[in-house]
Every structure is written in structure tokens, then in C-alpha cells.
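Shown next, in C-alpha cells, is the structure this report addresses.
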Amino acid sequence: MPTDNPDLAARFRPVFERIADGAVDRERQRRLPHEEVGWLRAAGFGAVRVPQRLGGAGAGLDELFGLLVELGEADSNLPQALRPHVLFVEEQLRQPPSDERDEWLRLAAGGALVGNAISERDPHEVGRLNTRLSERDGRLVLNGTKYYSTGSLFADWLTVRAERAPGELVVARVPADSAGLVQRDDWDGFGQRTTASGTVEFTDVEVDPAHVVPWDRGPGLHTALAQLVLLASLVGVARAAARDATEFVQQRRRSYSHASAPLPKDDPLVQQVVGEVHSAAFAAQATLEAAVASVQRAQQDEGEVITAEDDVSKAQVAIADVVLRATSELFEVGGSSLVSEARRLDRHWRNARTLTAHNPLIYKARAVGDHAINDALPVFGWTTGAPA
């Protein structure tokens, strides 16, 4: 990681380079990367893990995450925007072989992307949802409002979590162009600004009963995989910060009368900072690789699922720490020119801080400690909400 598969590298690295070229402009304009997602779609990025017999690349999980890190270095918004699709494909791969499973995977191989409509901001009790799936005139219909719907504006299908009966949570898949479905690009976070993580409203949206399944909150790999995609974005941020720090120092001529060398590139203090940022990126990537390997073991042995969830939680805590420090320390390599809006180097810290606010670190660290002390089980299917 990065991928050492020459076929995957030859297919995707030129696309990543094009994406990186426009990253600062997209950030400055807050332009959603519809075109860039189209490039990834055309190159088959959404089918990296789909078996070759169904039209995909048949790559391993480690190869997928190698590519996600490289994509995150080009633009950390894009792995997160594609996270619902990555999780959808992984979910299908975990299902027993069937015609239905193969049809979904063929859709992914054909370029279809899956977004999500899971979270709600309106008041609701923990373990309950305001979005309802109900029967009306012999039809199943969805009604409700979702927020943080990452990637939905790029998607052909949406995975929707809803309540069918009191406390009975289900997952439905609906076409993104369904009648009664309205999307708004109103995500206002200070980081990860172009992930299309806004609002989706459902008004009597018809749902195919065949596309509804119970939401399984038991032990499994879904939460670990979901967190790993965010960690791949974080590692990409660290690599981009290391790259930008290096390029800035290499090109800089101005220094200070009290500096340790006439040129910043020869200043041992500046060299130390650049070295620390690169070391942080290395440590973050190595930690991610270890966590991915743990999940791969759990894919082969269900007895490793708890260990994998715990390992990914530890990785989340560790990677967040080193990346946040690195993206702040980056600004020690130069003077006021580093904070120029034209450079937008602040996006690295803002993106990292936003990514680390997902699945709050304090609860992950507590879960790791509880498991270490009391052998407590991780929480595999958590929800948000308010007390009853």
C-alpha cells in the first residue's frame, strides 16, 4: 500500500493525477467533483473488488485500500464520497452466492454507484428513526428526511435506513431518481466540503419489497470496513501534507536572519519538520495496513471479527493523533506565505479534523479500554439519538 499491482496502478494512477491537479480549485470554489467521479466510474473504480467473472477487477481488500489511500492523497473527499459504495460492494461479497447478489455486483461492474441516506438530525430516540417504511394501498413507501448523506448526489442507488415497525430497523435500496426523492447539497462542514453529504428527503417514495432487508446489528465487519475507508482518507491527507511540505521547502528562497541556514531546504530545523510530517504519514499508513490485514483475517475466520473491530478502533485513535499533529506542524516549515488562500494548505487540517469527528474518538478509545480491561464486546451496530 500504495498498490503494487501494475494493472491497477496503470489503470487508476493517471486518473488520480488528474483529480489531484484540480483539488485546490475544487476546494476554493466548493465545486462538487461530478466530473471526477465520472472519470473514476469510467475507469471501473467502483468495481475494483467485484469478481472478474462478473466484470470487475477481482482485487483483494489490501489492493482496494492501497488505491483508496492514493485517491485520498489526490483528494481526501473522494474516498469518503465513495464510502457507501465500497461498503455496499463488500456487503454483497459477504452474501451467499445467489442470482440477486450477482445482479447487484454486475450493476457495480457496469458503473452504477451506491450512496447512502442513513443519519438523521431531527430529534429521535436512540435506536429509533423518524424515517418510516410503511405499506399504503398495497405499496411500500418511504417518508422522512436524512442528513450526512455522503456521496448521494453522485449515486444511482441509495441505501436508506428506516423504521418499519416500532424499533424494527430495516435497510432499503431505492433508485436515486425515484419520484418523491429530493436531494440538497447543504453540507456546511468546514472540512471535507465536496463529499456531497447533504440532505435527502423522501415523500411517498415507492420501494421494491425485494430491496428491503433487516438491519443486522450483530457482530460483523461492516463497522470496521466503514471506519477503514475514513482512515484511508486520513492517510491520504497525511501523504498530501507531506508532499506539499516538501514541495514548498524545495521551491522556497526566502528565509530569516536568525535561521539556521541561508536557504530553507538546507535548514536542519526545517528538515526536521518535513521529516516529522513524512514520518507521521508513514506511521499512519503502516497502522492502516495492519488494520486492513486484521479485517482480511476476519474475512477468512469469523472467530477474528471481534479482534478486527478492536484493531480498527485502535487504528482510528492512533492515526487520528499523528495526522492531526502533522497537518498542524506542516505550517512550521515557512512564514506567512504558507497561509495564503491560494495554497489552501489549511484544507489538510480541516479535512483531517472533520474525518476524525466521525465516530467520536473518545468513545472508540473507551471501547478499546473496556475491551482490554473487561473483555467487553465492541458495539457493532450503533445509532445516534436522544433519550426517550
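Letters for chains follow the order of the C-alpha cells (A, B, ...), residue numbers begin at 1 for each chain, and ligand numbers begin at 1 in the order shown.
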Can I get the residues of stretch 215-245 of chain A within 12 Å of stretch 92-105 of chain A, each with the closest pair of atoms and their distance in Å to one decimal, using only C-alpha atoms, sorted chain first then ascending number, as CSV?
residue,atom,partner,partner_atom,distance
A:Gly220,CA,A:Arg94,CA,10.1
A:Leu221,CA,A:Arg94,CA,9.5
A:His222,CA,A:Arg94,CA,10.0
| task | Give the answer as one residue: which of A:Asn5, A:Ala43, A:Ala357, A:Pro268 has the shortest atom-to-atom distance to A:Gly189, using only C-alpha atoms? | result |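 Closest residue, counting only C-alpha atoms: A:Ala357.
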| query | Which parts of stretch 77-311 of chain A does DSSP call strand (DSSP E) when run on the backbone here, written out as JSON, numbers by chain? | reply | {"A": [114, 115, 116, 117, 132, 133, 134, 135, 136, 139, 140, 141, 142, 143, 144, 145, 146, 157, 158, 159, 160, 161, 162, 163, 164, 165, 168, 169, 170, 171, 172, 173, 174, 175, 181, 182, 183, 184, 199, 200, 201, 202, 203, 204, 205, 206, 207, 212, 213, 214]}
| request: Name the residues of stretch 76-218 of chain A that fall into helix (DSSP H, G or I) according to DSSP on the backbone, using the chain letters and numbers of this document, as number ranges by chain. | output: A: 77-81, 83-94, 99-109, 152-154, 209-211
| Nearest to A:Leu67: which of A:Ile373, A:Ala108, A:Val229, A:Leu32 is it, counting only C-alpha atoms? |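 Checking each of A:Ile373, A:Ala108, A:Val229, A:Leu32 against A:Leu67, counting only C-alpha atoms, the winner is A:Val229.
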Each stretch 62-169 of chain A residue no farther than 10 Å from stretch 8-18 of chain A, nearest pair in Å, only C-alpha atoms, as a tab-separated table:
residue	atom	partner	partner_atom	distance
A:Glu63	CA	A:Leu8	CA	8.5
A:Leu64	CA	A:Leu8	CA	9.5
A:Gly66	CA	A:Ala9	CA	9.9
A:Leu67	CA	A:Phe12	CA	8.0
A:Glu70	CA	A:Phe16	CA	7.3
A:Leu71	CA	A:Phe16	CA	5.8
A:Gly72	CA	A:Phe16	CA	9.0
A:Glu73	CA	A:Phe16	CA	8.6
A:Ala74	CA	A:Phe16	CA	5.9
A:Asp75	CA	A:Phe16	CA	8.4
| said: Using Å and a single decimal, report how far atom CA of A:Phe65 sits from atom CA of A:Lys146. | reply: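 Atom-to-atom, atom CA of A:Lys146 to atom CA of A:Phe65, that is 28.0 Å.
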| task | Grab the atom CA of A:Arg253 to atom CA of A:Lys265 distance for me, in Å with one decimal place. | result | 8.6 Å
| request: Quick one: everything within 9 Å of A:Thr354, counting only C-alpha atoms, minus sequence neighbours fewer than 4 positions away in the same chain. Send it as an MDAnalysis selection string. | output: chainID A and resid 189:192 349:350 358
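Remark: for A:Val277, the closest of the candidate residues A:Lys364, A:Arg254, A:Arg49, A:Arg243 is A:Arg243 (distances computed over only C-alpha atoms).
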List every residue of stretch 124-153 of chain A that has an atom at most 12 Å from any atom of stretch 168-172 of chain A, and for each one report the closest atom pair and its distance in Å to one decimal, counting only C-alpha atoms, with rows sorted by chain and then by increasing residue number, as a Markdown table.
| residue | atom | partner | partner_atom | distance |
| --- | --- | --- | --- | --- |
| A:Val126 | CA | A:Leu169 | CA | 11.8 |
| A:Gly127 | CA | A:Leu169 | CA | 8.3 |
| A:Arg128 | CA | A:Leu169 | CA | 7.5 |
| A:Leu129 | CA | A:Leu169 | CA | 7.8 |
| A:Asn130 | CA | A:Leu169 | CA | 10.7 |
| A:Thr131 | CA | A:Leu169 | CA | 9.8 |
| A:Arg132 | CA | A:Leu169 | CA | 9.3 |
| A:Leu133 | CA | A:Val170 | CA | 8.4 |
| A:Ser134 | CA | A:Val170 | CA | 11.3 |
| A:Leu140 | CA | A:Ala172 | CA | 10.3 |
| A:Val141 | CA | A:Ala172 | CA | 10.3 |
| A:Leu142 | CA | A:Ala172 | CA | 9.0 |
| request: Rank nothing, just name the residue among A:Glu309, A:Asp25, A:Glu35, A:Asp62 nearest to A:Val292, using only C-alpha atoms. | output: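 For A:Val292, the nearest of the candidates is A:Asp62.
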| request: Write out as a list in words the residues lying within 12 Å of A:Val339, counting only C-alpha atoms and excluding same-chain residues fewer than 5 positions away. | output: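 The contact residues come out as Phe248, Ser328, Leu330, Phe331, Glu332, Val333, Gly334, Arg344, Leu345, Asp346, Arg347 and His348 of chain A.
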Any chance you can output those residues with N, CA and C atoms as a short mmCIF file (atom, residue, chain, number, x, y, z; two decimals), in the first residue's frame?
data_model
loop_
_atom_site.label_atom_id
_atom_site.label_comp_id
_atom_site.auth_asym_id
_atom_site.auth_seq_id
_atom_site.Cartn_x
_atom_site.Cartn_y
_atom_site.Cartn_z
N PHE A 248 6.93 22.83 -1.01
CA PHE A 248 7.06 24.23 -0.56
C PHE A 248 8.51 24.55 -0.21
N SER A 328 -0.98 20.11 11.40
CA SER A 328 -0.75 21.38 12.09
C SER A 328 0.73 21.77 12.02
N LEU A 330 2.82 21.08 9.82
CA LEU A 330 3.16 21.47 8.45
C LEU A 330 3.48 22.96 8.35
N PHE A 331 2.79 23.81 9.12
CA PHE A 331 2.92 25.25 8.98
C PHE A 331 4.19 25.80 9.62
N GLU A 332 5.00 24.93 10.20
CA GLU A 332 6.28 25.36 10.76
C GLU A 332 7.39 25.43 9.73
N VAL A 333 7.14 25.01 8.49
CA VAL A 333 8.23 25.00 7.50
C VAL A 333 8.41 26.34 6.81
N GLY A 334 7.55 27.32 7.06
CA GLY A 334 7.69 28.61 6.38
C GLY A 334 6.99 29.70 7.14
N ARG A 344 -4.26 27.03 0.07
CA ARG A 344 -5.27 26.24 0.77
C ARG A 344 -4.68 25.06 1.53
N LEU A 345 -3.50 25.27 2.12
CA LEU A 345 -2.90 24.19 2.90
C LEU A 345 -3.69 23.90 4.17
N ASP A 346 -4.52 24.85 4.59
CA ASP A 346 -5.35 24.60 5.76
C ASP A 346 -6.36 23.49 5.52
N ARG A 347 -6.61 23.18 4.25
CA ARG A 347 -7.61 22.13 3.96
C ARG A 347 -7.16 20.79 4.54
N HIS A 348 -5.85 20.58 4.63
CA HIS A 348 -5.39 19.29 5.16
C HIS A 348 -5.82 19.12 6.61
#
| said: Let me make sure I understand: among A:Asp266, A:Asp7, A:Asp310, A:Glu329, which one has the smallest atom-to-atom distance to A:Val379 if we use only C-alpha atoms? | reply: A:Asp310
| query | Distance atom CA of A:Arg41-atom CA of A:Phe202, one decimal place? | reply | 26.3 Å
| query | Out of A:Val235, A:Ala162, A:Ala326, A:Val174, which residue has the shortest atom-to-atom distance to A:Asp208 when counting only C-alpha atoms? | reply |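 Comparing A:Val235, A:Ala162, A:Ala326, A:Val174 against A:Asp208, the winner is A:Val174.
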Might you pull out every residue within 8 Å of A:Val295, with only C-alpha atoms counted and same-chain residues fewer than 2 positions away left off, and present them as a short mmCIF file (atom, residue, chain, number, x, y, z; two decimals) with N, CA, C and O atoms, in the first residue's frame?
data_model
loop_
_atom_site.label_atom_id
_atom_site.label_comp_id
_atom_site.auth_asym_id
_atom_site.auth_seq_id
_atom_site.Cartn_x
_atom_site.Cartn_y
_atom_site.Cartn_z
N LEU A 221 -18.35 -7.26 10.11
CA LEU A 221 -17.23 -6.43 9.66
C LEU A 221 -17.67 -5.08 9.08
O LEU A 221 -16.83 -4.30 8.65
N ALA A 224 -16.21 -2.00 10.93
CA ALA A 224 -14.75 -1.93 10.75
C ALA A 224 -14.41 -1.43 9.35
O ALA A 224 -13.53 -0.57 9.17
N LEU A 225 -15.08 -1.95 8.34
CA LEU A 225 -14.82 -1.53 6.97
C LEU A 225 -15.20 -0.06 6.77
O LEU A 225 -14.49 0.69 6.08
N ALA A 291 -4.38 -2.75 10.25
CA ALA A 291 -5.81 -2.90 10.50
C ALA A 291 -6.51 -3.60 9.34
O ALA A 291 -7.40 -4.44 9.54
N VAL A 292 -6.12 -3.27 8.11
CA VAL A 292 -6.70 -3.95 6.94
C VAL A 292 -6.37 -5.44 6.99
O VAL A 292 -7.21 -6.29 6.72
N ALA A 293 -5.13 -5.77 7.36
CA ALA A 293 -4.73 -7.17 7.45
C ALA A 293 -5.56 -7.90 8.51
O ALA A 293 -5.94 -9.06 8.33
N ARG A 297 -8.05 -11.15 7.85
CA ARG A 297 -8.05 -12.40 8.61
C ARG A 297 -9.47 -12.74 9.09
O ARG A 297 -9.88 -13.91 9.06
N ALA A 298 -10.21 -11.71 9.49
CA ALA A 298 -11.57 -11.95 9.96
C ALA A 298 -12.49 -12.37 8.82
O ALA A 298 -13.49 -13.07 9.05
N GLN A 299 -12.18 -11.94 7.59
CA GLN A 299 -12.98 -12.40 6.45
C GLN A 299 -12.83 -13.90 6.23
O GLN A 299 -13.74 -14.55 5.71
N VAL A 305 -13.49 -11.73 14.19
CA VAL A 305 -14.26 -10.50 13.97
C VAL A 305 -14.10 -9.51 15.12
O VAL A 305 -13.92 -8.30 14.89
N ALA A 308 -10.75 -7.93 14.96
CA ALA A 308 -10.66 -6.97 13.86
C ALA A 308 -11.31 -5.64 14.22
O ALA A 308 -10.77 -4.56 13.97
N GLU A 309 -12.50 -5.70 14.83
CA GLU A 309 -13.18 -4.47 15.24
C GLU A 309 -12.34 -3.70 16.24
O GLU A 309 -12.20 -2.46 16.17
#
| query | If we count only C-alpha atoms, what is near A:Pro360 at a cut-off of 10 Å, once residues fewer than 5 positions away on the same chain are taken out, given as a VMD selection string? | reply | chain A and resid 316 to 317 355 365
